[in-house]
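Shown below: start.pdb, with PDB, C-alpha atoms, pLDDT in the B column.
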```
MODEL        1
ATOM      1  CA  MET A   1      94.809  72.201 106.615  1.00 48.00           C
ATOM      2  CA  ASN A   2      97.378  71.383 109.286  1.00 87.00           C
ATOM      3  CA  LEU A   3      96.657  72.003 112.958  1.00 89.00           C
ATOM      4  CA  TYR A   4      99.079  74.879 113.410  1.00 92.00           C
ATOM      5  CA  PHE A   5      97.944  76.736 110.297  1.00 93.00           C
ATOM      6  CA  SER A   6      94.313  76.339 111.422  1.00 92.00           C
ATOM      7  CA  TRP A   7      95.220  77.705 114.835  1.00 94.00           C
ATOM      8  CA  LEU A   8      96.970  80.728 113.280  1.00 95.00           C
ATOM      9  CA  VAL A   9      94.010  81.390 111.003  1.00 93.00           C
ATOM     10  CA  ASN A  10      91.616  81.199 113.947  1.00 90.00           C
ATOM     11  CA  LYS A  11      93.653  83.883 115.706  1.00 91.00           C
ATOM     12  CA  VAL A  12      92.964  86.417 112.945  1.00 91.00           C
ATOM     13  CA  CYS A  13      89.897  85.295 111.007  1.00 87.00           C
ATOM     14  CA  ARG A  14      86.310  85.849 112.053  1.00 72.00           C
ATOM     15  CA  SER A  15      83.072  84.460 110.683  1.00 63.00           C
ATOM     16  CA  ASN A  16      82.218  87.522 108.615  1.00 58.00           C
ATOM     17  CA  ILE A  17      83.293  87.931 105.007  1.00 55.00           C
ATOM     18  CA  GLN A  18      85.612  90.871 105.652  1.00 56.00           C
ATOM     19  CA  TYR A  19      87.817  88.915 108.056  1.00 60.00           C
ATOM     20  CA  GLY A  20      86.862  85.414 106.907  1.00 60.00           C
ATOM     21  CA  PHE A  21      89.057  82.546 105.839  1.00 67.00           C
ATOM     22  CA  GLU A  22      87.044  81.743 102.728  1.00 69.00           C
ATOM     23  CA  THR A  23      87.585  85.218 101.271  1.00 73.00           C
ATOM     24  CA  ASN A  24      91.282  85.239 102.169  1.00 82.00           C
ATOM     25  CA  GLU A  25      92.320  81.588 101.864  1.00 89.00           C
ATOM     26  CA  ILE A  26      94.786  82.061  98.991  1.00 92.00           C
ATOM     27  CA  MET A  27      96.381  85.099 100.635  1.00 94.00           C
ATOM     28  CA  LEU A  28      96.695  83.381 104.030  1.00 95.00           C
ATOM     29  CA  ASN A  29      98.244  80.290 102.438  1.00 94.00           C
ATOM     30  CA  ALA A  30     100.730  82.484 100.552  1.00 96.00           C
ATOM     31  CA  LEU A  31     101.724  84.227 103.797  1.00 97.00           C
ATOM     32  CA  HIS A  32     102.132  80.848 105.473  1.00 96.00           C
ATOM     33  CA  ASP A  33     104.259  79.491 102.628  1.00 95.00           C
ATOM     34  CA  ARG A  34     106.645  82.475 102.551  1.00 97.00           C
ATOM     35  CA  ILE A  35     109.641  82.464 104.886  1.00 96.00           C
ATOM     36  CA  PHE A  36     110.270  85.720 106.712  1.00 96.00           C
ATOM     37  CA  THR A  37     113.774  87.144 106.575  1.00 94.00           C
ATOM     38  CA  SER A  38     115.220  90.536 107.460  1.00 91.00           C
ATOM     39  CA  ASP A  39     118.583  92.232 107.270  1.00 89.00           C
ATOM     40  CA  ILE A  40     117.563  94.589 110.101  1.00 89.00           C
ATOM     41  CA  PHE A  41     119.216  93.223 113.237  1.00 88.00           C
ATOM     42  CA  MET A  42     116.370  93.939 115.664  1.00 90.00           C
ATOM     43  CA  ASP A  43     113.804  92.301 113.388  1.00 92.00           C
ATOM     44  CA  LYS A  44     115.248  89.085 114.779  1.00 93.00           C
ATOM     45  CA  ASN A  45     112.885  89.856 117.672  1.00 94.00           C
ATOM     46  CA  ARG A  46     109.952  89.359 115.302  1.00 95.00           C
ATOM     47  CA  ILE A  47     111.355  85.936 114.453  1.00 94.00           C
ATOM     48  CA  CYS A  48     111.645  85.173 118.173  1.00 94.00           C
ATOM     49  CA  ASP A  49     108.022  86.267 118.658  1.00 95.00           C
ATOM     50  CA  ALA A  50     106.967  83.858 115.914  1.00 95.00           C
ATOM     51  CA  LEU A  51     108.924  81.027 117.538  1.00 94.00           C
ATOM     52  CA  GLU A  52     107.283  81.852 120.864  1.00 94.00           C
ATOM     53  CA  LEU A  53     103.934  81.715 119.075  1.00 94.00           C
ATOM     54  CA  ARG A  54     104.686  78.075 118.296  1.00 92.00           C
ATOM     55  CA  GLU A  55     105.131  77.420 122.006  1.00 92.00           C
ATOM     56  CA  ARG A  56     101.860  79.214 122.718  1.00 93.00           C
ATOM     57  CA  PHE A  57     100.175  76.947 120.171  1.00 94.00           C
ATOM     58  CA  LYS A  58     101.496  73.871 121.977  1.00 90.00           C
ATOM     59  CA  GLN A  59     100.309  75.168 125.350  1.00 90.00           C
ATOM     60  CA  GLU A  60      96.867  76.281 124.184  1.00 92.00           C
ATOM     61  CA  THR A  61      96.120  73.143 122.172  1.00 90.00           C
ATOM     62  CA  GLY A  62      97.875  70.511 124.266  1.00 88.00           C
ATOM     63  CA  HIS A  63      99.928  69.372 121.259  1.00 80.00           C
ATOM     64  CA  ARG A  64     103.164  69.456 123.217  1.00 73.00           C
ATOM     65  CA  ILE A  65     104.991  67.092 120.847  1.00 71.00           C
ATOM     66  CA  TYR A  66     103.852  68.819 117.644  1.00 72.00           C
ATOM     67  CA  ARG A  67     106.760  68.938 115.182  1.00 73.00           C
ATOM     68  CA  PHE A  68     107.396  71.914 112.952  1.00 79.00           C
ATOM     69  CA  GLU A  69     108.971  71.324 109.563  1.00 72.00           C
ATOM     70  CA  SER A  70     111.634  73.980 110.026  1.00 80.00           C
ATOM     71  CA  ASP A  71     113.066  76.596 112.363  1.00 85.00           C
ATOM     72  CA  ASP A  72     112.322  79.162 109.658  1.00 92.00           C
ATOM     73  CA  VAL A  73     109.224  81.211 110.394  1.00 95.00           C
ATOM     74  CA  SER A  74     106.601  82.312 107.915  1.00 96.00           C
ATOM     75  CA  VAL A  75     105.369  85.801 107.177  1.00 98.00           C
ATOM     76  CA  LEU A  76     101.984  84.693 108.546  1.00 97.00           C
ATOM     77  CA  GLU A  77     103.564  83.692 111.863  1.00 97.00           C
ATOM     78  CA  VAL A  78     105.390  87.019 112.118  1.00 97.00           C
ATOM     79  CA  LEU A  79     102.233  89.038 111.403  1.00 98.00           C
ATOM     80  CA  VAL A  80     100.076  87.040 113.819  1.00 97.00           C
ATOM     81  CA  ALA A  81     102.754  87.259 116.528  1.00 97.00           C
ATOM     82  CA  LEU A  82     103.171  91.002 115.974  1.00 96.00           C
ATOM     83  CA  SER A  83      99.398  91.497 116.133  1.00 95.00           C
ATOM     84  CA  ILE A  84      99.203  89.646 119.429  1.00 94.00           C
ATOM     85  CA  ARG A  85     102.201  91.510 120.851  1.00 92.00           C
ATOM     86  CA  CYS A  86     100.694  94.848 119.817  1.00 91.00           C
ATOM     87  CA  GLU A  87      97.410  94.009 121.529  1.00 90.00           C
ATOM     88  CA  GLU A  88      98.861  92.477 124.680  1.00 87.00           C
ATOM     89  CA  THR A  89     101.822  94.802 125.187  1.00 84.00           C
ATOM     90  CA  ILE A  90     100.574  98.163 123.967  1.00 81.00           C
ATOM     91  CA  MET A  91      96.842  98.332 123.359  1.00 75.00           C
ATOM     92  CA  GLY A  92      94.961  95.760 125.346  1.00 66.00           C
ATOM     93  CA  ASP A  93      93.633  95.925 128.841  1.00 68.00           C
ATOM     94  CA  GLY A  94      92.979  92.184 128.862  1.00 64.00           C
ATOM     95  CA  SER A  95      89.202  92.512 128.632  1.00 67.00           C
ATOM     96  CA  LYS A  96      88.934  91.922 124.880  1.00 76.00           C
ATOM     97  CA  ASP A  97      91.261  90.503 122.255  1.00 78.00           C
ATOM     98  CA  ASN A  98      91.475  92.830 119.258  1.00 83.00           C
ATOM     99  CA  SER A  99      94.725  91.404 117.917  1.00 88.00           C
ATOM    100  CA  TYR A 100      92.958  90.322 114.741  1.00 89.00           C
ATOM    101  CA  LYS A 101      92.295  93.989 113.932  1.00 90.00           C
ATOM    102  CA  TRP A 102      96.024  94.786 113.987  1.00 92.00           C
ATOM    103  CA  PHE A 103      96.640  91.874 111.655  1.00 95.00           C
ATOM    104  CA  TRP A 104      94.109  93.184 109.138  1.00 93.00           C
ATOM    105  CA  ILE A 105      95.544  96.706 109.310  1.00 94.00           C
ATOM    106  CA  MET A 106      98.871  95.246 108.176  1.00 96.00           C
ATOM    107  CA  ILE A 107      97.164  93.215 105.446  1.00 96.00           C
ATOM    108  CA  ASP A 108      95.347  96.347 104.251  1.00 95.00           C
ATOM    109  CA  ASN A 109      98.611  98.299 104.224  1.00 96.00           C
ATOM    110  CA  LEU A 110     100.088  95.545 102.062  1.00 96.00           C
ATOM    111  CA  ASP A 111      96.940  95.786  99.894  1.00 95.00           C
ATOM    112  CA  ILE A 112      96.349  92.036  99.723  1.00 95.00           C
ATOM    113  CA  ARG A 113      93.066  91.521 101.598  1.00 92.00           C
ATOM    114  CA  GLY A 114      90.914  89.109  99.615  1.00 88.00           C
ATOM    115  CA  CYS A 115      93.563  88.834  96.902  1.00 91.00           C
ATOM    116  CA  ASN A 116      93.476  85.611  94.888  1.00 91.00           C
ATOM    117  CA  ASP A 117      96.381  86.457  92.583  1.00 95.00           C
ATOM    118  CA  THR A 118      99.367  84.525  93.928  1.00 95.00           C
ATOM    119  CA  GLY A 119     101.744  86.333  91.559  1.00 96.00           C
ATOM    120  CA  TYR A 120     100.660  89.706  92.949  1.00 97.00           C
ATOM    121  CA  ILE A 121     100.879  88.452  96.539  1.00 97.00           C
ATOM    122  CA  GLU A 122     104.404  87.135  95.910  1.00 97.00           C
ATOM    123  CA  HIS A 123     105.383  90.504  94.414  1.00 98.00           C
ATOM    124  CA  VAL A 124     103.994  92.337  97.468  1.00 98.00           C
ATOM    125  CA  LEU A 125     105.864  89.992  99.811  1.00 97.00           C
ATOM    126  CA  ASP A 126     109.072  90.533  97.823  1.00 97.00           C
ATOM    127  CA  VAL A 127     108.692  94.304  98.233  1.00 97.00           C
ATOM    128  CA  PHE A 128     107.975  93.910 101.967  1.00 97.00           C
ATOM    129  CA  ILE A 129     110.799  91.463 102.718  1.00 97.00           C
ATOM    130  CA  ASN A 130     113.358  93.197 100.495  1.00 96.00           C
ATOM    131  CA  ARG A 131     112.249  96.605 101.800  1.00 96.00           C
ATOM    132  CA  THR A 132     111.916  98.182  98.397  1.00 96.00           C
ATOM    133  CA  TYR A 133     108.942 100.239  99.521  1.00 97.00           C
ATOM    134  CA  ASN A 134     109.000 104.020  99.969  1.00 97.00           C
ATOM    135  CA  TYR A 135     110.759 106.029 102.681  1.00 97.00           C
ATOM    136  CA  ASP A 136     107.457 106.463 104.585  1.00 97.00           C
ATOM    137  CA  GLY A 137     106.388 102.828 104.255  1.00 96.00           C
ATOM    138  CA  THR A 138     103.901 103.367 101.449  1.00 96.00           C
ATOM    139  CA  GLY A 139     104.151 100.959  98.590  1.00 96.00           C
ATOM    140  CA  GLY A 140     104.733  97.793 100.559  1.00 96.00           C
ATOM    141  CA  ALA A 141     105.481  98.116 104.287  1.00 97.00           C
ATOM    142  CA  LEU A 142     103.282  96.828 107.097  1.00 97.00           C
ATOM    143  CA  PHE A 143     102.857 100.400 108.329  1.00 96.00           C
ATOM    144  CA  HIS A 144     102.684 103.767 106.598  1.00 96.00           C
ATOM    145  CA  VAL A 145     103.891 106.776 108.574  1.00 96.00           C
ATOM    146  CA  GLU A 146     103.648 110.420 107.575  1.00 95.00           C
ATOM    147  CA  GLU A 147     107.033 112.073 108.058  1.00 92.00           C
ATOM    148  CA  PRO A 148     108.797 109.176 109.794  1.00 94.00           C
ATOM    149  CA  ARG A 149     111.781 109.916 112.045  1.00 91.00           C
ATOM    150  CA  LYS A 150     114.006 108.002 109.655  1.00 95.00           C
ATOM    151  CA  ASP A 151     113.793 105.863 106.543  1.00 97.00           C
ATOM    152  CA  MET A 152     111.262 103.102 107.184  1.00 96.00           C
ATOM    153  CA  ARG A 153     113.286 100.780 104.941  1.00 96.00           C
ATOM    154  CA  LYS A 154     116.076 100.880 107.527  1.00 96.00           C
ATOM    155  CA  THR A 155     113.873 100.789 110.629  1.00 96.00           C
ATOM    156  CA  GLU A 156     112.925  97.685 112.545  1.00 95.00           C
ATOM    157  CA  ILE A 157     109.301  96.632 112.272  1.00 96.00           C
ATOM    158  CA  TRP A 158     108.595  97.247 115.972  1.00 95.00           C
ATOM    159  CA  TYR A 159     109.521 100.931 115.665  1.00 95.00           C
ATOM    160  CA  GLN A 160     107.551 101.209 112.439  1.00 96.00           C
ATOM    161  CA  MET A 161     104.518  99.901 114.319  1.00 95.00           C
ATOM    162  CA  CYS A 162     105.054 102.260 117.269  1.00 93.00           C
ATOM    163  CA  TRP A 163     105.365 105.276 114.951  1.00 95.00           C
ATOM    164  CA  TYR A 164     102.214 104.169 113.159  1.00 95.00           C
ATOM    165  CA  LEU A 165     100.315 103.808 116.440  1.00 92.00           C
ATOM    166  CA  ASN A 166     101.476 107.270 117.558  1.00 92.00           C
ATOM    167  CA  GLN A 167     100.114 108.637 114.307  1.00 93.00           C
ATOM    168  CA  VAL A 168      96.700 106.949 114.367  1.00 87.00           C
ATOM    169  CA  ILE A 169      95.918 106.986 118.086  1.00 81.00           C
ATOM    170  CA  VAL A 170      96.807 110.563 118.959  1.00 59.00           C
TER     171      VAL A 170
ENDMDL
END
```
Structure translated into structure tokens:
Amino acid sequence: MNLYFSWLVNKVCRSNIQYGFETNEIMLNALHDRIFTSDIFMDKNRICDALELRERFKQETGHRIYRFESDDVSVLEVLVALSIRCEETIMGDGSKDNSYKWFWIMIDNLDIRGCNDTGYIEHVLDVFINRTYNYDGTGGALFHVEEPRKDMRKTEIWYQMCWYLNQVIV
């Protein structure tokens, strides 16, 4: 396992089975192998967050000259970066890091936790990336929202997350 992938996994996996690497190894590798793309203009911010995550890795680990294979970012990077941004920007008070919980909410919404079927995972990622899920985000989005303000398929991921948080926190 390469250093960066291990670091990403450590951000979201815990020692218990529910959030553990062993139970989710195939799924996490599939997320890491899949390049994230989006036709939604503001989703470019999610790509920027993932690129900033690479800089955070270098700072936290001291691997300042670590070379990444590509400027393309993976779905795993995007989800980890979004989880951290959600915790640090919206939810967290700095006393405890619950970013891993946001990651697993997205994984549960994609219905791939513990999945060992790479064909199914690839199908789910196709639906997510191509935005062929339902209007409300069910059937393949990171977030499901009852009666969204507009079609989730045409809404940037950040707004999808904010609408979801408004729904579950209120």
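The space separating CA of Lys154 (chain A) from CA of Ile40 (chain A) comes to 7.0 Å.
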Practice problem: Excluding Ile107 (chain A) and any residue of its chain fewer than 4 positions from it, enumerate the residues within 12 Å of it, using all atoms listed in the file, and give them as a VMD selection string. | Solution: chain A and resid 12 18 to 19 24 27 to 28 31 75 to 76 79 to 80 83 100 to 103 111 to 115 121 124 to 125 128 140 to 144
Quiz item: If you measure from CA of Ile169 (chain A) to CA of Glu52 (chain A), what distance in Å do you get, rounded to one decimal?
Solution: 27.7 Å
Quiz prompt | Residues matched by the PyMOL selection byres ((chain A and resi 131) around 10), written as a VMD selection string | solution = chain A and resid 38 to 39 125 to 130 132 to 135 137 139 to 141 152 to 155
Quiz prompt | Resolved residues for the PyMOL selection byres ((chain A and resi 90) around 12) as a PyMOL selection string | solution = chain A and resi 82-89+91-94+98-99+102+158+161-162+165-166+169
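Considering the residues A:Lys44, A:Trp104, A:Glu55, A:Ile157 and counting only C-alpha atoms, Cys13 (chain A) has its shortest atom-to-atom contact with A:Trp104.
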Quiz prompt | Separation of CA of Asp136 (chain A) from CA of Arg46 (chain A), in Å and rounded to one decimal | solution = 20.3 Å
Please identify all polymer residues within 12 Å of Arg67 (chain A), counting all atoms listed in the file, omitting same-chain residues fewer than 2 positions from it, and present them as an mmCIF file with C-alpha atoms, in the coordinates of the input.
```cif
data_model
loop_
_atom_site.group_PDB
_atom_site.id
_atom_site.type_symbol
_atom_site.label_atom_id
_atom_site.label_comp_id
_atom_site.auth_asym_id
_atom_site.auth_seq_id
_atom_site.Cartn_x
_atom_site.Cartn_y
_atom_site.Cartn_z
ATOM 1 C CA ASN A 2 97.378 71.383 109.286
ATOM 2 C CA LEU A 3 96.657 72.003 112.958
ATOM 3 C CA TYR A 4 99.079 74.879 113.410
ATOM 4 C CA ARG A 54 104.686 78.075 118.296
ATOM 5 C CA GLU A 55 105.131 77.420 122.006
ATOM 6 C CA PHE A 57 100.175 76.947 120.171
ATOM 7 C CA LYS A 58 101.496 73.871 121.977
ATOM 8 C CA HIS A 63 99.928 69.372 121.259
ATOM 9 C CA ARG A 64 103.164 69.456 123.217
ATOM 10 C CA ILE A 65 104.991 67.092 120.847
ATOM 11 C CA GLU A 69 108.971 71.324 109.563
ATOM 12 C CA SER A 70 111.634 73.980 110.026
ATOM 13 C CA ASP A 71 113.066 76.596 112.363
#
```
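Across A:Asp49, A:Gln59, A:Thr138, A:Asn10, the tightest approach to Met106 (chain A) is made by A:Thr138 when counting all atoms listed in the file.
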Around all listed atoms of region 27-31 of chain A, padded 5 Å per side, what centre and edge lengths does the axis-aligned box have in Å to one decimal, as AutoDock Vina command-line options?
```
--center_x 99.1 --center_y 82.7 --center_z 102.3 --size_x 15.3 --size_y 14.8 --size_z 13.5
```
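Nearest residue to Leu8 (chain A) among A:Ile26, A:Leu51, A:Ala81, A:Ile35 is A:Ala81, counting all atoms listed in the file.
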